[in-house]
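Shown below: run23.cif, with mmCIF, C-alpha atoms.
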data_run
loop_
_atom_site.group_PDB
_atom_site.id
_atom_site.type_symbol
_atom_site.label_atom_id
_atom_site.label_comp_id
_atom_site.auth_asym_id
_atom_site.auth_seq_id
_atom_site.Cartn_x
_atom_site.Cartn_y
_atom_site.Cartn_z
ATOM 1 C CA MET X 1 20.379 18.481 16.925
ATOM 2 C CA LYS X 2 21.039 19.537 13.366
ATOM 3 C CA GLN X 3 20.774 17.362 10.263
ATOM 4 C CA ARG X 4 24.183 16.636 8.739
ATOM 5 C CA LEU X 5 23.112 16.304 5.100
ATOM 6 C CA ASN X 6 20.100 15.512 2.949
ATOM 7 C CA VAL X 7 20.356 12.132 1.221
ATOM 8 C CA ALA X 8 17.220 12.792 -0.840
ATOM 9 C CA GLU X 9 18.898 15.819 -2.415
ATOM 10 C CA LEU X 10 22.446 14.482 -2.684
ATOM 11 C CA ALA X 11 21.699 10.880 -3.709
ATOM 12 C CA PRO X 12 18.271 11.151 -5.358
ATOM 13 C CA GLU X 13 18.482 7.864 -7.278
ATOM 14 C CA ALA X 14 19.242 5.930 -4.099
ATOM 15 C CA TYR X 15 16.427 7.722 -2.299
ATOM 16 C CA LYS X 16 14.016 6.903 -5.152
ATOM 17 C CA ALA X 17 15.080 3.247 -4.979
ATOM 18 C CA LEU X 18 14.166 3.109 -1.293
ATOM 19 C CA LEU X 19 10.843 4.788 -2.045
ATOM 20 C CA GLY X 20 10.266 2.069 -4.647
ATOM 21 C CA LEU X 21 10.650 -0.527 -1.908
ATOM 22 C CA GLU X 22 8.090 1.397 0.152
ATOM 23 C CA ARG X 23 5.628 1.354 -2.770
ATOM 24 C CA PHE X 24 6.138 -2.396 -3.101
ATOM 25 C CA LEU X 25 5.469 -2.887 0.620
ATOM 26 C CA HIS X 26 2.304 -0.794 0.620
ATOM 27 C CA HIS X 27 0.921 -2.891 -2.246
ATOM 28 C CA SER X 28 2.013 -6.222 -0.742
ATOM 29 C CA ALA X 29 -0.169 -8.618 1.241
ATOM 30 C CA LEU X 30 1.638 -7.698 4.466
ATOM 31 C CA PRO X 31 -1.016 -6.093 6.702
ATOM 32 C CA HIS X 32 -0.484 -2.349 7.039
ATOM 33 C CA ALA X 33 -0.689 -2.502 10.844
ATOM 34 C CA THR X 34 2.033 -5.165 10.909
ATOM 35 C CA LEU X 35 4.203 -3.118 8.562
ATOM 36 C CA GLU X 36 3.965 -0.042 10.797
ATOM 37 C CA LEU X 37 4.580 -2.027 13.999
ATOM 38 C CA VAL X 38 7.690 -3.626 12.484
ATOM 39 C CA LYS X 39 8.954 -0.231 11.301
ATOM 40 C CA LEU X 40 8.360 1.257 14.733
ATOM 41 C CA ARG X 41 10.049 -1.589 16.629
ATOM 42 C CA ALA X 42 13.142 -1.712 14.417
ATOM 43 C CA SER X 43 13.427 2.067 14.639
ATOM 44 C CA GLN X 44 13.275 1.884 18.439
ATOM 45 C CA ILE X 45 16.035 -0.722 18.490
ATOM 46 C CA ASN X 46 18.196 1.340 16.135
ATOM 47 C CA GLY X 47 17.614 4.571 18.048
ATOM 48 C CA CYS X 48 16.257 6.443 15.038
ATOM 49 C CA GLY X 49 14.184 9.214 16.584
ATOM 50 C CA PHE X 50 13.079 10.480 13.184
ATOM 51 C CA CYS X 51 11.656 7.084 12.192
ATOM 52 C CA VAL X 52 10.132 6.363 15.624
ATOM 53 C CA ASP X 53 8.333 9.694 15.421
ATOM 54 C CA MET X 54 7.251 9.213 11.787
ATOM 55 C CA HIS X 55 5.976 5.665 12.139
ATOM 56 C CA SER X 56 4.195 6.370 15.417
ATOM 57 C CA HIS X 57 2.309 9.197 13.742
ATOM 58 C CA ASP X 58 1.698 7.209 10.536
ATOM 59 C CA ALA X 59 0.306 4.287 12.517
ATOM 60 C CA LYS X 60 -1.882 6.576 14.626
ATOM 61 C CA GLN X 61 -3.257 8.274 11.508
ATOM 62 C CA ALA X 62 -4.035 4.816 10.088
ATOM 63 C CA GLY X 63 -6.147 4.059 13.173
ATOM 64 C CA GLU X 64 -3.653 2.278 15.408
ATOM 65 C CA SER X 65 -4.559 2.370 19.112
ATOM 66 C CA ASP X 66 -2.528 4.247 21.678
ATOM 67 C CA GLU X 67 -2.104 1.067 23.743
ATOM 68 C CA ARG X 68 -0.460 -0.792 20.873
ATOM 69 C CA LEU X 69 1.800 2.127 19.999
ATOM 70 C CA PHE X 70 2.825 2.800 23.582
ATOM 71 C CA SER X 71 3.650 -0.840 24.305
ATOM 72 C CA VAL X 72 5.348 -1.992 21.097
ATOM 73 C CA ALA X 73 8.756 -1.886 22.828
ATOM 74 C CA ALA X 74 7.357 -4.365 25.365
ATOM 75 C CA TRP X 75 5.192 -6.377 22.963
ATOM 76 C CA ARG X 76 6.024 -9.703 24.639
ATOM 77 C CA GLU X 77 4.383 -8.564 27.874
ATOM 78 C CA ALA X 78 1.460 -6.665 26.332
ATOM 79 C CA PRO X 79 -1.831 -8.364 25.402
ATOM 80 C CA TYR X 80 -2.573 -6.138 22.398
ATOM 81 C CA TYR X 81 -0.943 -8.076 19.543
ATOM 82 C CA THR X 82 -2.040 -11.047 17.473
ATOM 83 C CA ASP X 83 0.106 -14.147 17.216
ATOM 84 C CA ALA X 84 1.004 -13.161 13.644
ATOM 85 C CA GLU X 85 2.078 -9.681 14.756
ATOM 86 C CA ARG X 86 4.148 -11.189 17.557
ATOM 87 C CA ALA X 87 5.888 -13.455 15.048
ATOM 88 C CA ALA X 88 6.595 -10.452 12.791
ATOM 89 C CA LEU X 89 7.938 -8.397 15.699
ATOM 90 C CA ALA X 90 10.179 -11.260 16.837
ATOM 91 C CA LEU X 91 11.556 -11.650 13.314
ATOM 92 C CA ALA X 92 12.081 -7.892 13.060
ATOM 93 C CA GLU X 93 14.030 -7.845 16.312
ATOM 94 C CA GLU X 94 16.250 -10.763 15.326
ATOM 95 C CA ALA X 95 16.925 -9.425 11.823
ATOM 96 C CA THR X 96 17.664 -5.965 13.220
ATOM 97 C CA ARG X 97 20.075 -7.297 15.865
ATOM 98 C CA LEU X 98 22.071 -9.563 13.561
ATOM 99 C CA SER X 99 25.307 -9.440 15.529
ATOM 100 C CA ASP X 100 23.800 -10.198 18.945
ATOM 101 C CA ARG X 101 24.214 -13.977 18.652
ATOM 102 C CA ALA X 102 25.985 -16.609 16.588
ATOM 103 C CA GLU X 103 22.763 -17.695 14.862
ATOM 104 C CA ALA X 104 21.448 -14.308 13.777
ATOM 105 C CA VAL X 105 17.872 -15.410 13.063
ATOM 106 C CA PRO X 106 17.178 -18.661 14.920
ATOM 107 C CA ASP X 107 15.085 -21.318 13.203
ATOM 108 C CA HIS X 108 12.328 -21.156 15.821
ATOM 109 C CA ILE X 109 11.819 -17.426 15.115
ATOM 110 C CA TRP X 110 11.722 -18.028 11.358
ATOM 111 C CA ASP X 111 9.442 -21.045 11.712
ATOM 112 C CA GLU X 112 6.958 -19.096 13.830
ATOM 113 C CA ALA X 113 6.779 -16.317 11.241
ATOM 114 C CA ALA X 114 6.377 -18.893 8.470
ATOM 115 C CA LYS X 115 3.381 -20.361 10.346
ATOM 116 C CA HIS X 116 1.553 -17.047 10.075
ATOM 117 C CA TYR X 117 2.537 -15.736 6.657
ATOM 118 C CA ASP X 118 2.478 -17.357 3.234
ATOM 119 C CA PRO X 119 5.799 -17.280 1.352
ATOM 120 C CA GLU X 120 5.011 -14.090 -0.589
ATOM 121 C CA THR X 121 3.896 -12.212 2.514
ATOM 122 C CA LEU X 122 6.882 -13.526 4.454
ATOM 123 C CA ALA X 123 9.146 -12.259 1.658
ATOM 124 C CA ALA X 124 7.476 -8.841 1.953
ATOM 125 C CA LEU X 125 8.068 -8.926 5.717
ATOM 126 C CA VAL X 126 11.771 -9.624 5.162
ATOM 127 C CA VAL X 127 11.923 -6.742 2.670
ATOM 128 C CA ALA X 128 10.105 -4.479 5.165
ATOM 129 C CA ILE X 129 12.633 -5.284 7.890
ATOM 130 C CA ALA X 130 15.588 -4.708 5.568
ATOM 131 C CA THR X 131 14.095 -1.463 4.258
ATOM 132 C CA ILE X 132 13.396 0.082 7.655
ATOM 133 C CA ASN X 133 16.886 -0.850 8.789
ATOM 134 C CA ALA X 134 18.295 0.976 5.745
ATOM 135 C CA TRP X 135 16.149 4.039 6.494
ATOM 136 C CA ASN X 136 17.224 3.906 10.163
ATOM 137 C CA ARG X 137 20.889 3.857 9.243
ATOM 138 C CA ILE X 138 20.415 6.863 6.979
ATOM 139 C CA GLY X 139 18.413 8.677 9.650
ATOM 140 C CA VAL X 140 20.830 8.020 12.497
ATOM 141 C CA THR X 141 23.973 8.683 10.448
ATOM 142 C CA THR X 142 22.705 11.955 8.981
ATOM 143 C CA ARG X 143 20.947 12.961 12.215
ATOM 144 C CA LEU X 144 17.483 13.426 10.767
ATOM 145 C CA VAL X 145 15.473 15.490 13.237
ATOM 146 C CA ALA X 146 12.347 13.858 14.704
ATOM 147 C CA GLY X 147 9.197 15.634 13.562
ATOM 148 C CA SER X 148 11.007 17.715 10.968
ATOM 149 C CA THR X 149 8.931 16.645 7.965
ATOM 150 C CA ARG X 150 5.670 16.919 9.894
ATOM 151 C CA ASN X 151 6.627 20.400 11.070
ATOM 152 C CA GLN X 152 7.289 21.487 7.476
ATOM 153 C CA THR X 153 4.028 20.132 6.106
ATOM 154 C CA GLY X 154 1.732 21.115 8.933
#

What do you get writing this file as structure tokens?
Amino acid sequence: MKQRLNVAELAPEAYKALLGLERFLHHSALPHATLELVKLRASQINGCGFCVDMHSHDAKQAGESDERLFSVAAWREAPYYTDAERAALALAEEATRLSDRAEAVPDHIWDEAAKHYDPETLAALVVAIATINAWNRIGVTTRLVAGSTRNQTG
């Protein structure tokens, strides 16, 4: 597979805006492990190999266990996640699959997330889900190659 174009080079202001969202998220109260799990799960759903690869490696470097990384696609059946992480993953799935049902994000999914996160952290979670979905759409559309940035930097 070959990358179609480079958004960072051709639309640098848009790319910088997305990086600004990433800076916000990394300074938010949303736990880093939750952020990486949400990014990984949404990327799996969207079929973004570049982002699945990147966030798997980022999470591993941050100390995430192999068991949690290997089973995030089946998080409902795996015992490795906290109730708060499960609520975040459920919200990420619903907000990523907006067109799968008439009520895109059912109240019970939202209410469960709201039980585990204060309003500011919940807002950061919503921003995290929206941001990774934007990155995924760029990655899939432009055919970003999995591992390509890691291969360039070592």

Q | Computed interatomic separation between atom CA of Lys60 of chain X and atom CA of Ala87 of chain X (Å) | A |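 Going from atom CA of Lys60 of chain X over to atom CA of Ala87 of chain X, I get 21.5 Å.
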
Q) List as a list in words: which residues have an atom within 10 Å of (0.4, -8.0, 7.4), counting all atoms listed in the file? A) Leu25, Ser28, Ala29, Leu30, Pro31, His32, Ala33, Thr34, Leu35, Glu36, Leu37, Val38, Ala84, Glu85, Ala88, His116, Tyr117, Thr121, Leu122, Ala124 and Leu125 of chain X

The selected residues should be written to file as a compact mmCIF listing (two decimals), in the frame of the given file (atoms: C-alpha atoms).
# COMPACT_ATOMS: atom_id res chain seq x y z
CA LEU X 25 5.47 -2.89 0.62
CA SER X 28 2.01 -6.22 -0.74
CA ALA X 29 -0.17 -8.62 1.24
CA LEU X 30 1.64 -7.70 4.47
CA PRO X 31 -1.02 -6.09 6.70
CA HIS X 32 -0.48 -2.35 7.04
CA ALA X 33 -0.69 -2.50 10.84
CA THR X 34 2.03 -5.16 10.91
CA LEU X 35 4.20 -3.12 8.56
CA GLU X 36 3.96 -0.04 10.80
CA LEU X 37 4.58 -2.03 14.00
CA VAL X 38 7.69 -3.63 12.48
CA ALA X 84 1.00 -13.16 13.64
CA GLU X 85 2.08 -9.68 14.76
CA ALA X 88 6.60 -10.45 12.79
CA HIS X 116 1.55 -17.05 10.07
CA TYR X 117 2.54 -15.74 6.66
CA THR X 121 3.90 -12.21 2.51
CA LEU X 122 6.88 -13.53 4.45
CA ALA X 124 7.48 -8.84 1.95
CA LEU X 125 8.07 -8.93 5.72

Surrounding residues of segment 41-45 of chain X excluding itself and chain neighbours under 4 positions, 10 Å, all atoms listed in the file, as an mmCIF file with C-alpha atoms, in the coordinates of the input:
data_model
loop_
_atom_site.group_PDB
_atom_site.id
_atom_site.type_symbol
_atom_site.label_atom_id
_atom_site.label_comp_id
_atom_site.auth_asym_id
_atom_site.auth_seq_id
_atom_site.Cartn_x
_atom_site.Cartn_y
_atom_site.Cartn_z
ATOM 1 C CA GLU X 36 3.965 -0.042 10.797
ATOM 2 C CA LEU X 37 4.580 -2.027 13.999
ATOM 3 C CA GLY X 49 14.184 9.214 16.584
ATOM 4 C CA PHE X 50 13.079 10.480 13.184
ATOM 5 C CA CYS X 51 11.656 7.084 12.192
ATOM 6 C CA VAL X 52 10.132 6.363 15.624
ATOM 7 C CA ASP X 53 8.333 9.694 15.421
ATOM 8 C CA MET X 54 7.251 9.213 11.787
ATOM 9 C CA HIS X 55 5.976 5.665 12.139
ATOM 10 C CA SER X 56 4.195 6.370 15.417
ATOM 11 C CA LEU X 69 1.800 2.127 19.999
ATOM 12 C CA VAL X 72 5.348 -1.992 21.097
ATOM 13 C CA ALA X 73 8.756 -1.886 22.828
ATOM 14 C CA ALA X 74 7.357 -4.365 25.365
ATOM 15 C CA TRP X 75 5.192 -6.377 22.963
ATOM 16 C CA LEU X 89 7.938 -8.397 15.699
ATOM 17 C CA ALA X 90 10.179 -11.260 16.837
ATOM 18 C CA ALA X 92 12.081 -7.892 13.060
ATOM 19 C CA GLU X 93 14.030 -7.845 16.312
ATOM 20 C CA GLU X 94 16.250 -10.763 15.326
ATOM 21 C CA ALA X 95 16.925 -9.425 11.823
ATOM 22 C CA THR X 96 17.664 -5.965 13.220
ATOM 23 C CA ARG X 97 20.075 -7.297 15.865
ATOM 24 C CA ILE X 129 12.633 -5.284 7.890
ATOM 25 C CA ALA X 130 15.588 -4.708 5.568
ATOM 26 C CA ILE X 132 13.396 0.082 7.655
ATOM 27 C CA ASN X 133 16.886 -0.850 8.789
ATOM 28 C CA TRP X 135 16.149 4.039 6.494
ATOM 29 C CA ASN X 136 17.224 3.906 10.163
ATOM 30 C CA ARG X 137 20.889 3.857 9.243
ATOM 31 C CA GLY X 139 18.413 8.677 9.650
ATOM 32 C CA VAL X 140 20.830 8.020 12.497
#

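Separating atom CA of Leu18 of chain X from atom CA of Leu40 of chain X is a distance of 17.1 Å.
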
Q: Would you kindly translate the PyMOL selection byres ((chain X and resi 145) around 9) into the concrete residues it picks from this file, as number ranges by chain?
A: X: 1-3, 49-50, 139, 143-144, 146-149

Q: Specify as a PyMOL selection string each residue included when the PyMOL selection byres ((chain X and resi 68) around 9) is applied to this file.
A: chain X and resi 37+64-67+69-72+75+78-81

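Relative to atom CA of Val126 of chain X, atom CA of Asp100 of chain X is found at 18.3 Å.
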